[in-house]
Amino acid sequence: MVSVSVENIKKSYNKTRALRGVSFEVSQGELFGIIGADGAGKSTIFRILTTLILPDSGRAAVEGYDVVSEYVKIREIVGYMPGRFSLYQDLSVEENLKFFATLFNTSVNENYDMIKDIYSYLKPFKSRKAGALSGGMKQKLALCCALIHRPKVLFLDEPTTGVDPVSRKDFWAMLKRLKEEGIAILVSTPYMDEAALCDRIALIDGGMFLRTDTPENIVKNFRREIISVSSSDMHSLLKDLRTIDQAQNCYSFGETHHVIFSEGVNYCDLSQIADYLSQRGHNDIEIKRIEPTIEDCYMLLEGGRHLNKYDK
Amino acid sequence: MINRDNIVIRTDQLTKSFGDFTAVDHISFSVEKGEIFGFLGANGAGKTTAMRMLCGLSKPTSGEGFVAGYNIRTQARQIRKNIGYMSQKFSLYEDLKVWENIRLFGGIYGLKEDAIREKTEVLLDKLGMTQQRERLVKTLPLGWKQKLAFSVAIFHEPKIVFLDEPTGGVDPTARREFWEMIYDTADKGITVFVTTHYMDEAEYCDRVSIMVDGRIDALDTPRRLKQTFKAESMDSVFTALAETSTRQSE
């Protein structure tokens, strides 16, 4: 069953074209990720679907309700966690939760099963003011408040930004459980490891979707030669790799650097590259042919494009 | 090996308590000139509290610390002159233009009018933002803001720059550009003290410390940490340590 459908949505703020025609569908029980740079248009999509702003053109519906004419219905059935912490800082954990439950004509007790797992982390601090919570706790409270009225669709705009790796893993485990209850989840994230945990993802840039597919298919369609390289001097190595002919993208990737070759390079000669690098004074050179990750796909599709956007 | 003459940050049993809660629990470590030092830990492990003490913004409950040769307890003013600071939460004035921010911070750090003017041109050119000089900072994309904020934090050529989650929420391309700026800064001999939640960025540091419940439970090069913890990645090292935490919140 389709939960969210978006058809050719456009939106401009004055002269800035935030969305240039975006279309997609999300099914019930699907975890859909929107991946892109800051300013690519992610939050605009969330604001339109949660009926906070109107699209300039195009159509969008949530659970069959139109975002323009039936916005009141939509507000009853969606949960929204905006990018910035949006709870009442001066209310306690418990008070925030009660407040949001009351807004939606329900009570914490009535829907406690929805939030039980997450709230168990917060319970010891239930009388602490929300403003005094740590980053990971704030995010858990925000999620509880977005869930307390048992929404059919959940919109999470960069829920894990600024959150440590362990809390991020906890958070994604929670999303998986919610998804199994049939809730459709739209999530945006700058973390590429999280993109791989979505059922489908859309890579967005400049207000347009570059690609929408399962993470597996996005990786499968990479179709470029990609290698990882390391040496004893990683900083100068990056500069030297960029001088290689047909090396289209070179970038650091954890403990190694990755090189994506131009189209048409099928099977590059690794020993030749090793020779070239040792001529340039590198020691302990290690080169491997690798499988791309989602992050490599992102770097290829989007990488470098937005960097020049502001030079015009 | 650590060269004693080159040490720019040194702490000895540095501790900060709030009531009966020990936020930073007897940490001892040192950082060398020009080093990129990653200061990791889960939310609430005590990183921010420790960093505030090193910047001279908060007094230790016990223990000692020296930054750029000055005592954090008694010479906070000299420390603040010799360091740069940038955080994700606060860095620039959103309602000022690009050049106005540079002018303001140059003035705060005590640079002369002429020097500011000259350095502003060099800076804008290097960032490729000459065309953006009249833009309000709030209209810049996040990745650009972060790069500008970093440049402003090192505008007065401090001995050490403290970066508190500088790349939070920034996309993969912009994050890498930011790290190339960090490398260039370290090459100039400026020590970079950085916190991050991106474990690939931990790999880019010369050395990394990991805080758990106010203590530094690990400190070494990323390579050696992975060997010690028999882990594939820094992410696994971090997870292994963070899971030993008994603290429930900060």
# chains A, B, ... in the order shown; residues from 1 in each chain; ligands from 1
call {"tool": "closest_atom_pairs", "arguments": {"of": "chain B", "to": "chain A", "cutoff": "10 Å", "atoms": "only C-alpha atoms", "output": "tab-separated table"}}
result
residue	atom	partner	partner_atom	distance
B:Leu40	CA	A:Asp164	CA	9.3
B:Gly41	CA	A:Asp164	CA	7.6
B:Ala42	CA	A:Asp164	CA	5.2
B:Asn43	CA	A:Asp164	CA	5.9
B:Gly44	CA	A:Ser134	CA	6.0
B:Ala45	CA	A:Ser134	CA	9.8
B:Gln88	CA	A:Gly162	CA	9.1
B:Gly128	CA	A:Asp311	CA	6.9
B:Met129	CA	A:Asp311	CA	7.3
B:Thr130	CA	A:Asp311	CA	8.7
B:Gln131	CA	A:Asp311	CA	7.1
B:Gln132	CA	A:Tyr310	CA	8.0
B:Thr139	CA	A:Gly39	CA	10.0
B:Leu140	CA	A:Gly39	CA	8.9
B:Pro141	CA	A:Gly39	CA	6.0
B:Leu142	CA	A:Asp38	CA	6.0
B:Gly143	CA	A:Asp38	CA	7.2
B:Trp144	CA	A:Leu307	CA	9.3
B:Glu165	CA	A:Gly162	CA	7.5
B:Pro166	CA	A:Gly162	CA	9.9
B:Thr167	CA	A:Gly162	CA	9.0
B:Gly168	CA	A:Gly162	CA	5.5
B:Gly169	CA	A:Thr161	CA	5.4
B:Val170	CA	A:Pro190	CA	6.4
B:Asp171	CA	A:Ala37	CA	4.7
B:Pro172	CA	A:Pro190	CA	7.3
B:Thr173	CA	A:Gly303	CA	5.7
B:Ala174	CA	A:Leu307	CA	7.8
B:Arg176	CA	A:Ser252	CA	7.0
B:Glu177	CA	A:Tyr251	CA	9.2
B:Trp179	CA	A:Ser252	CA	9.1
B:Glu180	CA	A:His235	CA	8.5
B:Tyr183	CA	A:His235	CA	7.4
B:Asp184	CA	A:His235	CA	9.3
B:Asp187	CA	A:His235	CA	9.9
B:Thr196	CA	A:Gly162	CA	8.4
B:His197	CA	A:Asp164	CA	5.2
B:Tyr198	CA	A:Pro165	CA	7.6
B:Met199	CA	A:Gly254	CA	7.6
B:Asp200	CA	A:Gly254	CA	4.1
B:Glu201	CA	A:Gly254	CA	6.4
B:Ala202	CA	A:Gly254	CA	7.7
B:Glu203	CA	A:Gly254	CA	5.2
B:Tyr204	CA	A:Gly254	CA	6.7
B:Cys205	CA	A:Glu255	CA	9.8
B:Pro222	CA	A:Glu255	CA	8.6
B:Arg223	CA	A:Glu255	CA	8.5
B:Ser233	CA	A:Gly254	CA	8.4
B:Met234	CA	A:Gly254	CA	8.7
B:Asp235	CA	A:Pro165	CA	7.5
B:Ser236	CA	A:Pro165	CA	9.7
B:Phe238	CA	A:Pro165	CA	7.9
B:Thr239	CA	A:Val166	CA	6.1
B:Ala240	CA	A:Val166	CA	9.5
B:Ala242	CA	A:Val166	CA	7.2
B:Glu243	CA	A:Val166	CA	8.0
B:Gln248	CA	A:Tyr121	CA	8.2
B:Ser249	CA	A:Ser134	CA	6.6
B:Glu250	CA	A:Ser134	CA	5.9
call {"tool": "select_by_dssp", "arguments": {"residues": "region 87-228 of chain B", "states": "alpha helix (DSSP H)", "output": "MDAnalysis selection string"}}
result
chainID B and resid 98:108 113:127 142:153 172:187 199:203 222:228
call {"tool": "residues_around", "arguments": {"residues": "Leu52 (chain A)", "least_positions_apart": "6", "cutoff": "12 Å", "atoms": "only C-alpha atoms", "output": "mmCIF file with N, CA and C atoms, in the first residue's frame"}}
result
data_model
loop_
_atom_site.group_PDB
_atom_site.id
_atom_site.type_symbol
_atom_site.label_atom_id
_atom_site.label_comp_id
_atom_site.auth_asym_id
_atom_site.auth_seq_id
_atom_site.Cartn_x
_atom_site.Cartn_y
_atom_site.Cartn_z
ATOM 1 N N SER A 43 15.027 19.251 3.558
ATOM 2 C CA SER A 43 14.070 19.750 4.553
ATOM 3 C C SER A 43 12.819 20.310 3.901
ATOM 4 N N THR A 44 12.958 20.863 2.697
ATOM 5 C CA THR A 44 11.793 21.387 1.984
ATOM 6 C C THR A 44 10.791 20.270 1.706
ATOM 7 N N ILE A 45 11.281 19.101 1.328
ATOM 8 C CA ILE A 45 10.393 17.955 1.091
ATOM 9 C C ILE A 45 9.637 17.602 2.377
ATOM 10 N N PHE A 46 10.375 17.565 3.487
ATOM 11 C CA PHE A 46 9.738 17.245 4.768
ATOM 12 C C PHE A 46 8.672 18.273 5.140
ATOM 13 N N VAL A 67 -1.879 17.124 0.377
ATOM 14 C CA VAL A 67 -1.161 17.991 1.325
ATOM 15 C C VAL A 67 -1.715 19.415 1.350
ATOM 16 N N VAL A 68 -2.438 19.806 0.307
ATOM 17 C CA VAL A 68 -2.984 21.166 0.286
ATOM 18 C C VAL A 68 -4.413 21.199 0.825
ATOM 19 N N TYR A 71 -4.945 19.047 4.596
ATOM 20 C CA TYR A 71 -3.805 19.129 5.511
ATOM 21 C C TYR A 71 -4.182 18.795 6.962
ATOM 22 N N VAL A 72 -5.432 19.104 7.345
ATOM 23 C CA VAL A 72 -5.830 18.847 8.730
ATOM 24 C C VAL A 72 -5.761 17.347 9.035
ATOM 25 N N ILE A 74 -3.882 15.174 7.551
ATOM 26 C CA ILE A 74 -2.486 14.716 7.562
ATOM 27 C C ILE A 74 -1.836 14.994 8.907
ATOM 28 N N ARG A 75 -2.101 16.157 9.451
ATOM 29 C CA ARG A 75 -1.463 16.519 10.728
ATOM 30 C C ARG A 75 -1.812 15.553 11.850
ATOM 31 N N TYR A 80 6.564 14.036 13.245
ATOM 32 C CA TYR A 80 7.612 14.802 12.580
ATOM 33 C C TYR A 80 8.704 15.159 13.579
ATOM 34 N N PRO A 82 11.834 17.448 13.389
ATOM 35 C CA PRO A 82 12.595 18.367 12.549
ATOM 36 C C PRO A 82 14.084 18.312 12.865
#
call {"tool": "decode", "arguments": {"residues": "region 113-161 of chain A", "atoms": "N, CA and C atoms", "output": "PDB file, in the first residue's frame"}}
result
ATOM      1  N   ASP A 113       2.773   1.552  24.679  1.00  0.00           N
ATOM      2  CA  ASP A 113       3.471   0.451  24.001  1.00  0.00           C
ATOM      3  C   ASP A 113       4.292   0.929  22.802  1.00  0.00           C
ATOM      4  N   MET A 114       3.853   2.031  22.176  1.00  0.00           N
ATOM      5  CA  MET A 114       4.573   2.572  21.020  1.00  0.00           C
ATOM      6  C   MET A 114       5.988   3.013  21.395  1.00  0.00           C
ATOM      7  N   ILE A 115       6.101   3.576  22.587  1.00  0.00           N
ATOM      8  CA  ILE A 115       7.367   4.223  22.946  1.00  0.00           C
ATOM      9  C   ILE A 115       8.114   3.483  24.048  1.00  0.00           C
ATOM     10  N   LYS A 116       7.535   2.372  24.501  1.00  0.00           N
ATOM     11  CA  LYS A 116       8.072   1.699  25.682  1.00  0.00           C
ATOM     12  C   LYS A 116       9.585   1.452  25.598  1.00  0.00           C
ATOM     13  N   ASP A 117      10.030   0.879  24.474  1.00  0.00           N
ATOM     14  CA  ASP A 117      11.449   0.529  24.336  1.00  0.00           C
ATOM     15  C   ASP A 117      12.345   1.754  24.438  1.00  0.00           C
ATOM     16  N   ILE A 118      11.918   2.824  23.753  1.00  0.00           N
ATOM     17  CA  ILE A 118      12.756   4.019  23.712  1.00  0.00           C
ATOM     18  C   ILE A 118      12.697   4.751  25.036  1.00  0.00           C
ATOM     19  N   TYR A 119      11.484   4.787  25.600  1.00  0.00           N
ATOM     20  CA  TYR A 119      11.283   5.561  26.821  1.00  0.00           C
ATOM     21  C   TYR A 119      12.017   4.936  28.005  1.00  0.00           C
ATOM     22  N   SER A 120      12.302   3.642  27.915  1.00  0.00           N
ATOM     23  CA  SER A 120      13.001   2.985  29.021  1.00  0.00           C
ATOM     24  C   SER A 120      14.358   3.647  29.277  1.00  0.00           C
ATOM     25  N   TYR A 121      14.994   4.174  28.207  1.00  0.00           N
ATOM     26  CA  TYR A 121      16.273   4.872  28.382  1.00  0.00           C
ATOM     27  C   TYR A 121      16.077   6.206  29.117  1.00  0.00           C
ATOM     28  N   LEU A 122      14.901   6.806  28.902  1.00  0.00           N
ATOM     29  CA  LEU A 122      14.658   8.162  29.397  1.00  0.00           C
ATOM     30  C   LEU A 122      14.074   8.185  30.805  1.00  0.00           C
ATOM     31  N   LYS A 123      13.453   7.094  31.169  1.00  0.00           N
ATOM     32  CA  LYS A 123      12.708   7.054  32.420  1.00  0.00           C
ATOM     33  C   LYS A 123      13.487   7.550  33.644  1.00  0.00           C
ATOM     34  N   PRO A 124      14.771   7.129  33.764  1.00  0.00           N
ATOM     35  CA  PRO A 124      15.504   7.611  34.945  1.00  0.00           C
ATOM     36  C   PRO A 124      15.615   9.135  35.010  1.00  0.00           C
ATOM     37  N   PHE A 125      15.391   9.810  33.889  1.00  0.00           N
ATOM     38  CA  PHE A 125      15.563  11.270  33.849  1.00  0.00           C
ATOM     39  C   PHE A 125      14.250  11.993  33.611  1.00  0.00           C
ATOM     40  N   LYS A 126      13.134  11.340  33.949  1.00  0.00           N
ATOM     41  CA  LYS A 126      11.845  11.884  33.525  1.00  0.00           C
ATOM     42  C   LYS A 126      11.544  13.257  34.107  1.00  0.00           C
ATOM     43  N   SER A 127      12.171  13.616  35.235  1.00  0.00           N
ATOM     44  CA  SER A 127      11.888  14.959  35.754  1.00  0.00           C
ATOM     45  C   SER A 127      12.957  15.982  35.367  1.00  0.00           C
ATOM     46  N   ARG A 128      13.941  15.556  34.578  1.00  0.00           N
ATOM     47  CA  ARG A 128      14.955  16.508  34.123  1.00  0.00           C
ATOM     48  C   ARG A 128      14.400  17.379  32.996  1.00  0.00           C
ATOM     49  N   LYS A 129      14.820  18.653  32.975  1.00  0.00           N
ATOM     50  CA  LYS A 129      14.377  19.527  31.888  1.00  0.00           C
ATOM     51  C   LYS A 129      14.982  19.074  30.562  1.00  0.00           C
ATOM     52  N   ALA A 130      14.202  19.152  29.511  1.00  0.00           N
ATOM     53  CA  ALA A 130      14.656  18.671  28.206  1.00  0.00           C
ATOM     54  C   ALA A 130      15.948  19.363  27.778  1.00  0.00           C
ATOM     55  N   GLY A 131      16.060  20.658  28.103  1.00  0.00           N
ATOM     56  CA  GLY A 131      17.253  21.408  27.712  1.00  0.00           C
ATOM     57  C   GLY A 131      18.525  20.883  28.348  1.00  0.00           C
ATOM     58  N   ALA A 132      18.407  20.126  29.446  1.00  0.00           N
ATOM     59  CA  ALA A 132      19.590  19.654  30.165  1.00  0.00           C
ATOM     60  C   ALA A 132      19.976  18.225  29.777  1.00  0.00           C
ATOM     61  N   LEU A 133      19.315  17.655  28.777  1.00  0.00           N
ATOM     62  CA  LEU A 133      19.631  16.284  28.365  1.00  0.00           C
ATOM     63  C   LEU A 133      20.836  16.272  27.432  1.00  0.00           C
ATOM     64  N   SER A 134      21.524  15.132  27.351  1.00  0.00           N
ATOM     65  CA  SER A 134      22.608  14.978  26.386  1.00  0.00           C
ATOM     66  C   SER A 134      22.010  14.814  24.987  1.00  0.00           C
ATOM     67  N   GLY A 135      22.854  14.949  23.973  1.00  0.00           N
ATOM     68  CA  GLY A 135      22.399  14.887  22.578  1.00  0.00           C
ATOM     69  C   GLY A 135      21.618  13.622  22.257  1.00  0.00           C
ATOM     70  N   GLY A 136      22.145  12.476  22.702  1.00  0.00           N
ATOM     71  CA  GLY A 136      21.497  11.206  22.403  1.00  0.00           C
ATOM     72  C   GLY A 136      20.130  11.092  23.087  1.00  0.00           C
ATOM     73  N   MET A 137      20.037  11.638  24.283  1.00  0.00           N
ATOM     74  CA  MET A 137      18.783  11.587  25.037  1.00  0.00           C
ATOM     75  C   MET A 137      17.733  12.531  24.443  1.00  0.00           C
ATOM     76  N   LYS A 138      18.176  13.711  24.019  1.00  0.00           N
ATOM     77  CA  LYS A 138      17.250  14.655  23.388  1.00  0.00           C
ATOM     78  C   LYS A 138      16.599  14.010  22.174  1.00  0.00           C
ATOM     79  N   GLN A 139      17.438  13.316  21.414  1.00  0.00           N
ATOM     80  CA  GLN A 139      16.954  12.708  20.186  1.00  0.00           C
ATOM     81  C   GLN A 139      15.948  11.593  20.504  1.00  0.00           C
ATOM     82  N   LYS A 140      16.195  10.847  21.568  1.00  0.00           N
ATOM     83  CA  LYS A 140      15.251   9.795  21.946  1.00  0.00           C
ATOM     84  C   LYS A 140      13.925  10.410  22.416  1.00  0.00           C
ATOM     85  N   LEU A 141      14.015  11.506  23.151  1.00  0.00           N
ATOM     86  CA  LEU A 141      12.798  12.170  23.616  1.00  0.00           C
ATOM     87  C   LEU A 141      12.006  12.731  22.421  1.00  0.00           C
ATOM     88  N   ALA A 142      12.718  13.324  21.478  1.00  0.00           N
ATOM     89  CA  ALA A 142      12.040  13.873  20.300  1.00  0.00           C
ATOM     90  C   ALA A 142      11.311  12.764  19.541  1.00  0.00           C
ATOM     91  N   LEU A 143      11.951  11.603  19.461  1.00  0.00           N
ATOM     92  CA  LEU A 143      11.314  10.488  18.766  1.00  0.00           C
ATOM     93  C   LEU A 143      10.068  10.034  19.532  1.00  0.00           C
ATOM     94  N   CYS A 144      10.155   9.945  20.843  1.00  0.00           N
ATOM     95  CA  CYS A 144       8.986   9.572  21.660  1.00  0.00           C
ATOM     96  C   CYS A 144       7.834  10.548  21.411  1.00  0.00           C
ATOM     97  N   CYS A 145       8.146  11.838  21.402  1.00  0.00           N
ATOM     98  CA  CYS A 145       7.098  12.848  21.218  1.00  0.00           C
ATOM     99  C   CYS A 145       6.480  12.762  19.829  1.00  0.00           C
ATOM    100  N   ALA A 146       7.284  12.337  18.849  1.00  0.00           N
ATOM    101  CA  ALA A 146       6.760  12.209  17.490  1.00  0.00           C
ATOM    102  C   ALA A 146       5.911  10.951  17.336  1.00  0.00           C
ATOM    103  N   LEU A 147       6.040  10.025  18.295  1.00  0.00           N
ATOM    104  CA  LEU A 147       5.354   8.729  18.176  1.00  0.00           C
ATOM    105  C   LEU A 147       4.131   8.586  19.078  1.00  0.00           C
ATOM    106  N   ILE A 148       3.987   9.509  20.030  1.00  0.00           N
ATOM    107  CA  ILE A 148       3.033   9.293  21.115  1.00  0.00           C
ATOM    108  C   ILE A 148       1.576   9.253  20.638  1.00  0.00           C
ATOM    109  N   HIS A 149       1.288   9.776  19.459  1.00  0.00           N
ATOM    110  CA  HIS A 149      -0.091   9.711  18.955  1.00  0.00           C
ATOM    111  C   HIS A 149      -0.245   8.602  17.907  1.00  0.00           C
ATOM    112  N   ARG A 150       0.712   7.652  17.901  1.00  0.00           N
ATOM    113  CA  ARG A 150       0.615   6.497  17.020  1.00  0.00           C
ATOM    114  C   ARG A 150       0.458   6.885  15.545  1.00  0.00           C
ATOM    115  N   PRO A 151       1.416   7.605  15.004  1.00  0.00           N
ATOM    116  CA  PRO A 151       1.294   8.080  13.628  1.00  0.00           C
ATOM    117  C   PRO A 151       1.399   6.935  12.607  1.00  0.00           C
ATOM    118  N   LYS A 152       0.855   7.171  11.413  1.00  0.00           N
ATOM    119  CA  LYS A 152       0.980   6.170  10.336  1.00  0.00           C
ATOM    120  C   LYS A 152       2.254   6.405   9.543  1.00  0.00           C
ATOM    121  N   VAL A 153       2.698   7.674   9.537  1.00  0.00           N
ATOM    122  CA  VAL A 153       3.901   8.025   8.791  1.00  0.00           C
ATOM    123  C   VAL A 153       4.815   8.842   9.701  1.00  0.00           C
ATOM    124  N   LEU A 154       6.096   8.542   9.616  1.00  0.00           N
ATOM    125  CA  LEU A 154       7.066   9.230  10.462  1.00  0.00           C
ATOM    126  C   LEU A 154       8.067   9.976   9.571  1.00  0.00           C
ATOM    127  N   PHE A 155       8.229  11.283   9.835  1.00  0.00           N
ATOM    128  CA  PHE A 155       9.191  12.091   9.080  1.00  0.00           C
ATOM    129  C   PHE A 155      10.339  12.483  10.004  1.00  0.00           C
ATOM    130  N   LEU A 156      11.539  12.045   9.663  1.00  0.00           N
ATOM    131  CA  LEU A 156      12.699  12.307  10.519  1.00  0.00           C
ATOM    132  C   LEU A 156      13.759  13.061   9.716  1.00  0.00           C
ATOM    133  N   ASP A 157      13.933  14.332  10.050  1.00  0.00           N
ATOM    134  CA  ASP A 157      14.876  15.160   9.299  1.00  0.00           C
ATOM    135  C   ASP A 157      16.220  15.193  10.029  1.00  0.00           C
ATOM    136  N   GLU A 158      17.182  14.470   9.519  1.00  0.00           N
ATOM    137  CA  GLU A 158      18.516  14.342  10.140  1.00  0.00           C
ATOM    138  C   GLU A 158      18.446  14.037  11.644  1.00  0.00           C
ATOM    139  N   PRO A 159      17.807  12.925  11.990  1.00  0.00           N
ATOM    140  CA  PRO A 159      17.629  12.637  13.418  1.00  0.00           C
ATOM    141  C   PRO A 159      18.928  12.317  14.149  1.00  0.00           C
ATOM    142  N   THR A 160      19.957  11.897  13.446  1.00  0.00           N
ATOM    143  CA  THR A 160      21.155  11.426  14.153  1.00  0.00           C
ATOM    144  C   THR A 160      22.363  12.349  14.011  1.00  0.00           C
ATOM    145  N   THR A 161      22.143  13.541  13.456  1.00  0.00           N
ATOM    146  CA  THR A 161      23.265  14.474  13.342  1.00  0.00           C
ATOM    147  C   THR A 161      23.752  14.870  14.737  1.00  0.00           C
TER     148      THR A 161
END
